[in-house]
Structures are given as C-alpha cells and as structure tokens.
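What follows is the content of my_file-v6.txt (compact mmCIF, C-alpha atoms).
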# COMPACT_ATOMS: atom_id res chain seq x y z
CA MET A 72 49.34 144.10 164.35
CA SER A 73 52.82 144.48 165.81
CA SER A 74 55.97 142.69 164.72
CA PRO A 75 56.79 139.16 165.96
CA PHE A 76 58.97 140.69 168.68
CA GLY A 77 56.29 143.02 169.93
CA LEU A 78 57.68 146.10 168.23
CA ASN A 79 55.30 148.82 167.13
CA VAL A 80 56.41 148.86 163.49
CA PRO A 81 56.56 145.53 161.63
CA ALA A 82 59.96 145.24 159.91
CA GLY A 83 60.98 148.48 161.60
CA ALA A 84 64.45 147.10 162.27
CA TYR A 85 64.88 146.50 158.55
CA ASP A 86 63.77 150.05 157.77
CA ALA A 87 66.44 151.36 160.14
CA PHE A 88 69.04 148.97 158.77
CA LEU A 89 68.46 149.61 155.07
CA PRO A 90 70.01 153.06 154.43
CA GLY A 91 73.40 152.11 155.84
CA ALA A 92 73.22 148.66 154.25
CA LEU A 93 72.58 150.15 150.81
CA GLU A 94 75.54 152.49 151.20
CA ARG A 95 77.84 149.59 152.09
CA ALA A 96 76.43 147.43 149.30
CA ARG A 97 77.13 150.10 146.69
CA ALA A 98 80.77 150.19 147.77
CA GLN A 99 81.26 146.40 147.69
CA ARG A 100 83.70 145.29 145.03
CA SER A 101 82.73 142.56 142.60
CA TRP A 102 84.32 139.13 142.44
CA THR A 103 87.16 138.56 139.96
CA PRO A 104 88.92 135.31 139.04
CA ALA A 105 91.94 136.53 141.01
CA ASP A 106 89.85 136.11 144.17
CA GLY A 107 89.67 132.35 143.67
CA PRO A 108 86.49 130.32 144.27
CA MET A 109 83.70 131.81 146.33
CA PRO A 110 82.97 129.81 149.49
CA ALA A 111 79.79 127.81 149.89
CA MET A 112 77.48 128.83 152.75
CA TYR A 113 74.95 127.28 155.07
CA LEU A 114 72.75 129.92 156.68
CA SER A 115 69.89 129.97 159.12
CA HIS A 116 67.39 132.17 157.34
CA GLY A 117 65.08 133.46 160.03
CA ALA A 118 61.80 133.98 158.12
CA PRO A 119 59.93 137.30 158.65
CA PRO A 120 61.17 137.77 162.26
CA LEU A 121 64.61 138.44 160.78
CA PHE A 122 63.31 141.83 159.64
CA ASP A 123 62.72 142.75 163.29
CA ASP A 124 66.16 141.68 164.53
CA GLY A 125 68.64 144.48 163.89
CA PRO A 126 71.73 142.67 165.21
CA TRP A 127 71.02 139.60 163.06
CA LEU A 128 70.48 141.75 159.97
CA ALA A 129 73.86 143.35 160.65
CA GLN A 130 75.53 139.96 161.04
CA LEU A 131 74.27 138.80 157.66
CA LEU A 132 75.35 142.02 155.96
CA ASP A 133 78.79 141.85 157.60
CA TRP A 134 79.15 138.29 156.35
CA ALA A 135 78.32 139.26 152.78
CA GLN A 136 80.61 142.29 153.00
CA SER A 137 83.52 140.12 154.11
CA LEU A 138 83.51 138.60 150.62
CA PRO A 139 83.51 140.07 147.12
CA LYS A 140 80.10 140.45 145.53
CA PRO A 141 79.31 137.18 143.71
CA THR A 142 78.53 136.98 140.03
CA SER A 143 75.30 135.15 140.91
CA ILE A 144 73.72 133.13 143.71
CA LEU A 145 72.42 129.56 143.66
CA ILE A 146 70.38 128.75 146.75
CA VAL A 147 68.84 125.52 148.01
CA SER A 148 66.14 126.21 150.58
CA ALA A 149 64.39 124.05 153.15
CA HIS A 150 61.12 125.32 151.71
CA TRP A 151 61.33 123.74 148.28
CA GLU A 152 61.37 119.96 148.46
CA SER A 153 60.73 118.66 144.96
CA ALA A 154 61.93 115.77 142.86
CA PRO A 155 63.20 115.59 140.20
CA LEU A 156 65.63 118.46 140.59
CA MET A 157 64.00 121.74 139.61
CA LEU A 158 65.11 125.33 139.05
CA SER A 159 63.08 128.43 139.77
CA ALA A 160 61.99 131.05 137.25
CA THR A 161 64.94 132.84 135.69
CA ALA A 162 63.44 136.05 134.32
CA ALA A 163 64.36 139.39 135.87
CA ARG A 164 62.19 140.43 138.81
CA THR A 165 61.38 136.82 139.67
CA PRO A 166 58.30 136.89 141.93
CA LEU A 167 58.52 136.07 145.62
CA VAL A 168 56.73 133.25 147.41
CA TYR A 169 55.22 134.40 150.71
CA ASP A 170 55.18 130.91 152.18
CA PHE A 171 54.39 131.80 155.80
CA GLY A 172 51.28 132.65 157.75
CA GLY A 173 50.03 134.73 160.65
CA PHE A 174 52.20 137.81 160.12
CA ASP A 175 51.41 141.46 159.55
CA ARG A 176 50.48 142.48 156.02
CA ARG A 177 53.78 144.36 155.70
CA TYR A 178 55.74 141.13 155.31
CA TYR A 179 53.59 140.08 152.34
CA GLU A 180 54.26 143.35 150.55
CA MET A 181 58.06 143.24 150.66
CA LYS A 182 59.82 143.11 147.30
CA TYR A 183 63.19 141.82 146.15
CA GLU A 184 63.65 142.27 142.40
CA THR A 185 66.71 140.51 141.07
CA PRO A 186 68.31 140.37 137.57
CA ASP A 187 67.87 137.65 134.97
CA ALA A 188 69.41 134.33 136.12
CA SER A 189 69.08 132.32 132.91
CA ALA A 190 72.86 132.12 132.41
CA LEU A 191 73.26 130.50 135.81
CA ALA A 192 70.40 128.10 135.07
CA ARG A 193 72.22 126.92 131.95
CA ARG A 194 75.42 126.39 133.90
CA VAL A 195 73.65 124.41 136.63
CA ALA A 196 72.00 122.17 134.05
CA ALA A 197 75.36 121.66 132.33
CA VAL A 198 77.19 120.45 135.45
CA MET A 199 74.56 117.90 136.47
CA PRO A 200 74.95 114.29 135.30
CA ASP A 201 72.41 112.49 133.13
CA SER A 202 71.32 110.61 136.25
CA GLU A 203 70.22 113.91 137.84
CA PRO A 204 68.04 115.62 135.21
CA VAL A 205 67.22 119.27 135.82
CA HIS A 206 63.77 120.65 135.09
CA GLN A 207 62.81 124.31 134.74
CA HIS A 208 59.81 125.55 136.73
CA PRO A 209 58.99 128.81 134.89
CA ARG A 210 56.39 130.02 137.40
CA ARG A 211 58.18 129.15 140.64
CA GLY A 212 59.40 132.22 142.50
CA LEU A 213 61.92 132.63 145.32
CA ASP A 214 60.63 131.39 148.68
CA HIS A 215 61.35 133.03 152.01
CA GLY A 216 64.35 130.77 152.63
CA ALA A 217 65.96 132.66 149.76
CA TRP A 218 64.67 136.22 149.62
CA VAL A 219 64.49 136.96 153.35
CA PRO A 220 68.22 136.50 154.15
CA LEU A 221 69.33 137.87 150.77
CA MET A 222 67.49 141.13 151.41
CA ALA A 223 69.89 141.60 154.33
CA MET A 224 73.02 140.32 152.61
CA TYR A 225 72.58 141.90 149.17
CA PRO A 226 69.99 144.65 149.70
CA LEU A 227 70.52 146.24 146.28
CA GLY A 228 69.01 143.17 144.62
CA ASP A 229 71.60 143.47 141.86
CA VAL A 230 72.90 139.87 141.93
CA PRO A 231 71.09 137.20 139.86
CA VAL A 232 69.46 134.62 142.15
CA LEU A 233 68.40 131.12 141.16
CA GLN A 234 66.75 128.64 143.48
CA MET A 235 67.19 124.88 143.18
CA SER A 236 64.84 122.38 144.75
CA MET A 237 65.95 119.80 147.31
CA PRO A 238 64.98 116.45 145.74
CA THR A 239 65.94 114.28 148.71
CA HIS A 240 67.06 114.36 152.34
CA ASP A 241 69.66 111.65 151.84
CA PRO A 242 73.00 113.19 152.93
CA ALA A 243 75.07 111.21 150.42
CA ARG A 244 72.96 112.26 147.46
CA LEU A 245 72.88 115.89 148.60
CA MET A 246 76.67 115.81 148.96
CA GLU A 247 76.91 114.52 145.40
CA ILE A 248 74.66 117.32 144.14
CA GLY A 249 76.84 119.79 146.00
CA SER A 250 79.99 118.33 144.47
CA ARG A 251 78.56 118.96 141.01
CA LEU A 252 78.08 122.62 141.92
CA ARG A 253 81.66 122.98 143.16
CA SER A 254 83.05 124.15 139.83
CA LEU A 255 80.57 127.05 139.74
CA ARG A 256 82.30 128.60 142.74
CA ALA A 257 85.35 129.22 140.55
CA GLU A 258 83.07 131.33 138.34
CA GLY A 259 82.12 133.59 141.23
CA VAL A 260 78.86 131.80 142.03
CA LEU A 261 77.84 131.79 145.67
CA VAL A 262 76.29 128.41 146.56
CA ILE A 263 74.01 128.58 149.62
CA GLY A 264 72.20 125.93 151.61
CA SER A 265 69.43 127.73 153.50
CA GLY A 266 67.80 126.18 156.54
CA PHE A 267 67.99 126.61 160.32
CA MET A 268 70.48 124.85 162.57
CA VAL A 269 67.69 124.14 165.05
CA HIS A 270 64.08 124.27 163.92
CA GLY A 271 61.84 122.75 166.58
CA LEU A 272 58.79 124.89 165.85
CA PRO A 273 56.27 122.43 167.33
CA PHE A 274 58.08 122.72 170.65
CA LEU A 275 58.22 126.51 170.82
CA THR A 276 57.17 127.71 174.30
CA ARG A 277 56.01 130.98 175.78
CA ALA A 278 59.28 131.23 177.72
CA MET A 279 61.28 130.95 174.48
CA VAL A 280 59.23 133.67 172.79
CA GLN A 281 58.87 136.12 175.67
CA HIS A 282 62.07 135.55 177.64
CA GLY A 283 64.54 134.13 175.15
CA GLU A 284 64.82 130.86 177.01
CA ILE A 285 67.17 128.40 175.29
CA PRO A 286 65.97 124.84 175.80
CA ALA A 287 68.57 122.16 176.44
CA TRP A 288 67.61 120.31 173.27
CA SER A 289 68.52 123.37 171.19
CA ALA A 290 71.78 124.14 172.99
CA ASP A 291 72.85 120.49 173.01
CA PHE A 292 72.16 119.99 169.31
CA ASP A 293 74.03 123.21 168.48
CA ALA A 294 77.07 122.15 170.50
CA TRP A 295 77.06 118.73 168.84
CA ALA A 296 76.82 120.27 165.34
CA ALA A 297 79.56 122.80 166.09
CA ASP A 298 81.88 120.02 167.24
CA ALA A 299 81.20 117.79 164.24
CA LEU A 300 81.57 120.68 161.78
CA GLY A 301 84.77 121.72 163.50
CA ARG A 302 86.19 118.24 162.95
CA GLY A 303 84.81 117.81 159.44
CA ASP A 304 83.04 114.64 160.59
CA ILE A 305 80.60 114.01 157.74
CA ASP A 306 79.60 110.58 159.05
CA GLU A 307 78.58 112.05 162.39
CA LEU A 308 76.63 114.86 160.77
CA ALA A 309 74.86 112.42 158.46
CA ALA A 310 73.81 110.24 161.41
CA TYR A 311 72.17 113.15 163.24
CA GLN A 312 68.84 111.40 163.71
CA ASP A 313 70.48 108.68 165.78
CA ARG A 314 73.50 110.41 167.30
CA ALA A 315 72.66 114.06 167.87
CA PRO A 316 71.42 115.12 171.31
CA GLY A 317 68.18 117.05 171.32
CA MET A 318 66.52 114.91 168.68
CA PRO A 319 63.78 114.80 167.58
CA TYR A 320 62.99 118.17 169.19
CA ALA A 321 65.73 120.05 167.35
CA HIS A 322 64.52 118.75 163.97
CA PRO A 323 61.14 117.03 163.96
CA THR A 324 61.48 117.15 160.16
CA PRO A 325 64.78 117.09 158.25
CA ASP A 326 64.17 119.96 155.81
CA HIS A 327 65.97 122.74 157.70
CA TYR A 328 69.03 120.65 158.52
CA THR A 329 69.82 118.74 155.34
CA PRO A 330 70.64 121.75 153.09
CA LEU A 331 74.01 121.83 154.87
CA PHE A 332 75.01 118.69 152.95
CA VAL A 333 74.72 120.58 149.66
CA THR A 334 77.00 123.22 151.18
CA LEU A 335 79.54 120.68 152.40
CA GLY A 336 79.43 118.80 149.11
CA ALA A 337 80.33 121.99 147.27
CA SER A 338 83.50 122.34 149.36
CA ALA A 339 86.86 121.40 147.85
CA ASP A 340 87.32 119.14 150.89
CA PRO A 341 84.08 118.36 152.74
CA THR A 342 86.06 116.92 155.65
CA SER A 343 87.80 120.24 156.34
CA PRO A 344 86.57 122.29 159.31
CA VAL A 345 84.22 125.11 158.42
CA LYS A 346 84.35 128.78 159.38
CA THR A 347 81.51 129.87 161.64
CA ALA A 348 80.02 133.17 160.52
CA ILE A 349 77.03 133.54 162.86
CA GLU A 350 76.12 131.85 166.11
CA GLY A 351 73.61 132.49 168.86
CA TYR A 352 69.88 131.99 169.17
CA MET A 353 66.58 133.37 167.94
CA LEU A 354 63.47 132.42 169.91
CA GLY A 355 65.61 129.72 171.52
CA PHE A 356 66.63 128.16 168.19
CA SER A 357 70.29 128.00 167.18
CA LYS A 358 70.96 130.22 164.18
CA ARG A 359 74.47 128.84 163.56
CA SER A 360 75.66 129.63 160.04
CA PHE A 361 78.98 128.87 158.37
CA GLN A 362 81.05 128.93 155.20
CA THR A 363 83.40 126.38 153.73
CA ILE A 364 87.15 126.83 153.66
CA GLY A 365 88.74 125.82 150.37
Please rewrite the model in this file as structure tokens.
Amino acid sequence: MSSPFGLNVPAGAYDAFLPGALERARAQRSWTPADGPMPAMYLSHGAPPLFDDGPWLAQLLDWAQSLPKPTSILIVSAHWESAPLMLSATAARTPLVYDFGGFDRRYYEMKYETPDASALARRVAAVMPDSEPVHQHPRRGLDHGAWVPLMAMYPLGDVPVLQMSMPTHDPARLMEIGSRLRSLRAEGVLVIGSGFMVHGLPFLTRAMVQHGEIPAWSADFDAWAADALGRGDIDELAAYQDRAPGMPYAHPTPDHYTPLFVTLGASADPTSPVKTAIEGYMLGFSKRSFQTIG
C-alpha cells in the first residue's frame, strides 16, 4: 500500500527529513530560567499523513527550533476526551496509541520512546484545585495527537511527555484548566493543545484529496479564526458554533477545535493576540497553528 499522498514509500518524507532533523535537535539548547516562561501552543497535528508531507514536517521542526528545548511537555489532544481529568502513563518509553485506521502497516510500527514524566505528573496534580481532581491512568499511552507532531518537533525523543485528557468542551472550563497550567510554563514546561483548525472529515471530497481543493467552508472558518485570534476575542472564539462561517462543516464535532482554549487559558493574557507559527492547508483543511505571546 502506498502513502496517503500516493507516494511509493509510506512515511518516506519522514525518512528523508529525519537525519537533518536529528542533527538540528542535538544542537538545540535547553531552556533555562533566564529564558522566561515557555509559550503555550495550539497545533494542528496531521495524523499519519504528516509523515508524508516534507514541508509540514519542516515547519514543525522550525517552530520547535525557534524556542529553547523545554524541560518537559504537557499535551492535551483531541483524541482523549475523558472525565474526570486524567493523566497518561508516566514511565519511560510510554507506549503509543495507534488510534487511526486504514493506513499502511508502517504507521503502526513507528516508535517514539520518551523519558519518565512522573515529575511533571506530580506538578500537574499539584496545580489543580480540589474541584478538578486528577486521576492517573497507568496504562494509557500517547495517542497520535501527541506522538505524531512531536516526532517532527522533538525527533530525539529526549523530552518527557505527559498527556492530559480533555474532560469537557466548555470553553470557560478549559480556559480555567489552562490557567492552572500557566505557572508550569515558568518551569520550562511546554503546554500544547493539539487538534486541527479545520477538521471536517465527513465532508472530505475527491477534489480535496487529489487536487488540493480548499472548500469555502474551510477557508472561511480559517479566516474567521485568524481574525478573532489576532484580536484576542475570546468571546467570539467561544461562540464558534453560532458565529463562525463554515459551520458545522469545519467542525462537525468540537474535539479538534476546543483544545485551543487550554492553550489560551495558559497565556499570561488570553486576550492578547497570538503569534501564528504555521498556516496553509492539508487535504483542504486549515492547519493553522499558533503560540501565545506573554
């Protein structure tokens, strides 16, 4: 079976990308307190097709390289919706969850072995209020919303990674969770909300797959989100189901959009404009990704 983009070698773009990425990763300096807080990120994670998209892999690596290497990574993914709040396994070489179907065997054999993340788990539990109890899920691995983009950003696998479940889609509650994580950024922790700025999978067409057609509902939603993020308009972003153009096609379910509220909540000022790191489209879906400022 070929790759999702019709290439002869599944994940061949990643194979070509990896040697240079590893060289750059080895030279990356580590975060120090003098750097100040790490930003919080919202990224569009791409799933297995990311491994066949050389330019997108390079964009993610460039983004990571623009910052010091974090002390650890806490990631909230669209693919783990669970209440009460839960944390993934913390032991070194946490297993991966291959939560996708219909791809070449190669994608189910990829590995991303990260260090022990128990110290971060203790810090996350410590910053949460009694009203938001944190539970440990000792057998839950990292899903593809975590390990797929991180294999591009931190290919050495030398940064501890902990995944936190998304217990709700309510923007206000997710902002509050994010605000509790804010202090971790001053310890060099990179807080990531992982989703996809447009994720209308049920409405994927042949023209989008074969010719890169960008449907109006994807472009319109992306432009609306970019404007609201650029103005720091939290109320507008929270009312996306009623106010955003392109709905419900852009997000027939909320899971890939709402992680951005954890990201914004972790900002020192959620109403500040964000810094766009990646824009453009994959299979007609906006892959807009950004980091907080301050």
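Nearest to A:Ile263 of all the residues A:Leu128, A:Leu158, A:Leu233, A:Ala84 is A:Leu233, counting all atoms listed in the file.
For the set A:Lys182, A:His208, A:Arg256, A:Arg251, the residue with the smallest atom-to-atom gap to A:Arg164 is A:Lys182, counting all atoms listed in the file.
The residue that comes closest to A:Met109, out of A:Ala162, A:Val262, A:Val198, A:Ala96 and on the basis of only C-alpha atoms, is A:Val262.
The coordinates place atom CA of A:Ala339 at 20.5 Å from atom CA of A:Met235.
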Need to verify the contact set: stretch 242-244 of chain A, 7 Å, all atoms listed in the file, exclusion of same-chain residues closer than 2 positions in sequence. Can you return it as a tab-separated table (two decimals) with C-alpha atoms, in the coordinates of the input?
chain	number	residue	atom	x	y	z
A	240	HIS	CA	67.06	114.36	152.34
A	246	MET	CA	76.67	115.81	148.96
A	247	GLU	CA	76.91	114.52	145.40
A	248	ILE	CA	74.66	117.32	144.14
A	309	ALA	CA	74.86	112.42	158.46
A	329	THR	CA	69.82	118.74	155.34
A	332	PHE	CA	75.01	118.69	152.95
Nearest to A:Phe171, restricted to all atoms listed in the file and choosing among A:His215, A:Arg359, A:Arg210, A:Lys140, comes out as A:His215
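Remark: residues at most 9 Å from position (72.9, 117.3, 170.9) in file coordinates are Ala287, Trp288, Ser289, Ala290, Asp291, Phe292, Asp293, Ala294, Trp295, Ala296, Tyr311, Arg314, Ala315, Pro316, Gly317, Met318 and Ala321 of chain A, using all atoms listed in the file.
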Do a neighbour search on A:Ala135 at 8 Å with all atoms listed in the file, toss out local chain neighbours closer than 4 positions, and write the hits as a compact mmCIF listing (two decimals) with C-alpha atoms, in the coordinates of the input.
# COMPACT_ATOMS: atom_id res chain seq x y z
CA LEU A 131 74.27 138.80 157.66
CA PRO A 139 83.51 140.07 147.12
CA LYS A 140 80.10 140.45 145.53
CA MET A 224 73.02 140.32 152.61
CA TYR A 225 72.58 141.90 149.17
Proximity check stretch 82-168 of chain A to stretch 183-190 of chain A, 12 Å, nearest pairs one decimal Å, only C-alpha atoms, as a Markdown table:
| residue | atom | partner | partner_atom | distance |
| --- | --- | --- | --- | --- |
| A:Thr142 | CA | A:Ala188 | CA | 10.3 |
| A:Ser143 | CA | A:Ala188 | CA | 7.6 |
| A:Ile144 | CA | A:Ala188 | CA | 8.8 |
| A:Leu145 | CA | A:Ala188 | CA | 9.4 |
| A:Leu158 | CA | A:Ser189 | CA | 10.1 |
| A:Ser159 | CA | A:Ala188 | CA | 9.4 |
| A:Ala160 | CA | A:Ala188 | CA | 8.2 |
| A:Thr161 | CA | A:Ala188 | CA | 4.7 |
| A:Ala162 | CA | A:Asp187 | CA | 4.8 |
| A:Ala163 | CA | A:Asp187 | CA | 4.0 |
| A:Arg164 | CA | A:Glu184 | CA | 4.3 |
| A:Thr165 | CA | A:Glu184 | CA | 6.5 |
| A:Pro166 | CA | A:Glu184 | CA | 7.6 |
| A:Leu167 | CA | A:Tyr183 | CA | 7.4 |
| A:Val168 | CA | A:Tyr183 | CA | 10.8 |
Could you turn the residues from that selection into a file that holds C-alpha atoms, as an mmCIF file, keeping the file's coordinate frame?
data_model
loop_
_atom_site.group_PDB
_atom_site.id
_atom_site.type_symbol
_atom_site.label_atom_id
_atom_site.label_comp_id
_atom_site.auth_asym_id
_atom_site.auth_seq_id
_atom_site.Cartn_x
_atom_site.Cartn_y
_atom_site.Cartn_z
ATOM 1 C CA THR A 142 78.530 136.980 140.030
ATOM 2 C CA SER A 143 75.300 135.150 140.910
ATOM 3 C CA ILE A 144 73.720 133.130 143.710
ATOM 4 C CA LEU A 145 72.420 129.560 143.660
ATOM 5 C CA LEU A 158 65.110 125.330 139.050
ATOM 6 C CA SER A 159 63.080 128.430 139.770
ATOM 7 C CA ALA A 160 61.990 131.050 137.250
ATOM 8 C CA THR A 161 64.940 132.840 135.690
ATOM 9 C CA ALA A 162 63.440 136.050 134.320
ATOM 10 C CA ALA A 163 64.360 139.390 135.870
ATOM 11 C CA ARG A 164 62.190 140.430 138.810
ATOM 12 C CA THR A 165 61.380 136.820 139.670
ATOM 13 C CA PRO A 166 58.300 136.890 141.930
ATOM 14 C CA LEU A 167 58.520 136.070 145.620
ATOM 15 C CA VAL A 168 56.730 133.250 147.410
#
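Taking atom CA of A:Leu93 and atom CA of A:Ala223 as the two end points, the separation is 9.6 Å.
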From (77.6, 138.4, 162.1), in the file's coordinates, out to 12 Å: which residues are reached, counting all atoms listed in the file? Answer as a PyMOL selection string.
chain A and resi 114-115+125-137+223-224+347-351+358-361
Those residues you just picked out, can you put them in a file as a CSV table (one decimal), in the frame of the given file with C-alpha atoms?
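This is the output file selection_11.csv:
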chain,number,residue,atom,x,y,z
A,114,LEU,CA,72.8,129.9,156.7
A,115,SER,CA,69.9,130.0,159.1
A,125,GLY,CA,68.6,144.5,163.9
A,126,PRO,CA,71.7,142.7,165.2
A,127,TRP,CA,71.0,139.6,163.1
A,128,LEU,CA,70.5,141.8,160.0
A,129,ALA,CA,73.9,143.4,160.6
A,130,GLN,CA,75.5,140.0,161.0
A,131,LEU,CA,74.3,138.8,157.7
A,132,LEU,CA,75.4,142.0,156.0
A,133,ASP,CA,78.8,141.8,157.6
A,134,TRP,CA,79.2,138.3,156.4
A,135,ALA,CA,78.3,139.3,152.8
A,136,GLN,CA,80.6,142.3,153.0
A,137,SER,CA,83.5,140.1,154.1
A,223,ALA,CA,69.9,141.6,154.3
A,224,MET,CA,73.0,140.3,152.6
A,347,THR,CA,81.5,129.9,161.6
A,348,ALA,CA,80.0,133.2,160.5
A,349,ILE,CA,77.0,133.5,162.9
A,350,GLU,CA,76.1,131.8,166.1
A,351,GLY,CA,73.6,132.5,168.9
A,358,LYS,CA,71.0,130.2,164.2
A,359,ARG,CA,74.5,128.8,163.6
A,360,SER,CA,75.7,129.6,160.0
A,361,PHE,CA,79.0,128.9,158.4
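Atom CA of A:Leu221 sits 20.1 Å away from atom CA of A:Arg176.
Restricting the calculation to only C-alpha atoms, the smallest distance between A:Val230 and any of A:Gly259, A:Pro325, A:Pro341, A:Pro108 is found for A:Gly259.
The nearest approach to A:Gln207 among the residues A:Leu261, A:Ile305, A:Leu89, A:Ala192, with only C-alpha atoms taken into account, belongs to A:Ala192.
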Fill in: Residue neighbourhood A:Glu152, 8 Å, all atoms listed in the file, exclusion window fewer than 4 positions, as number ranges by chain
A: 236-239, 326
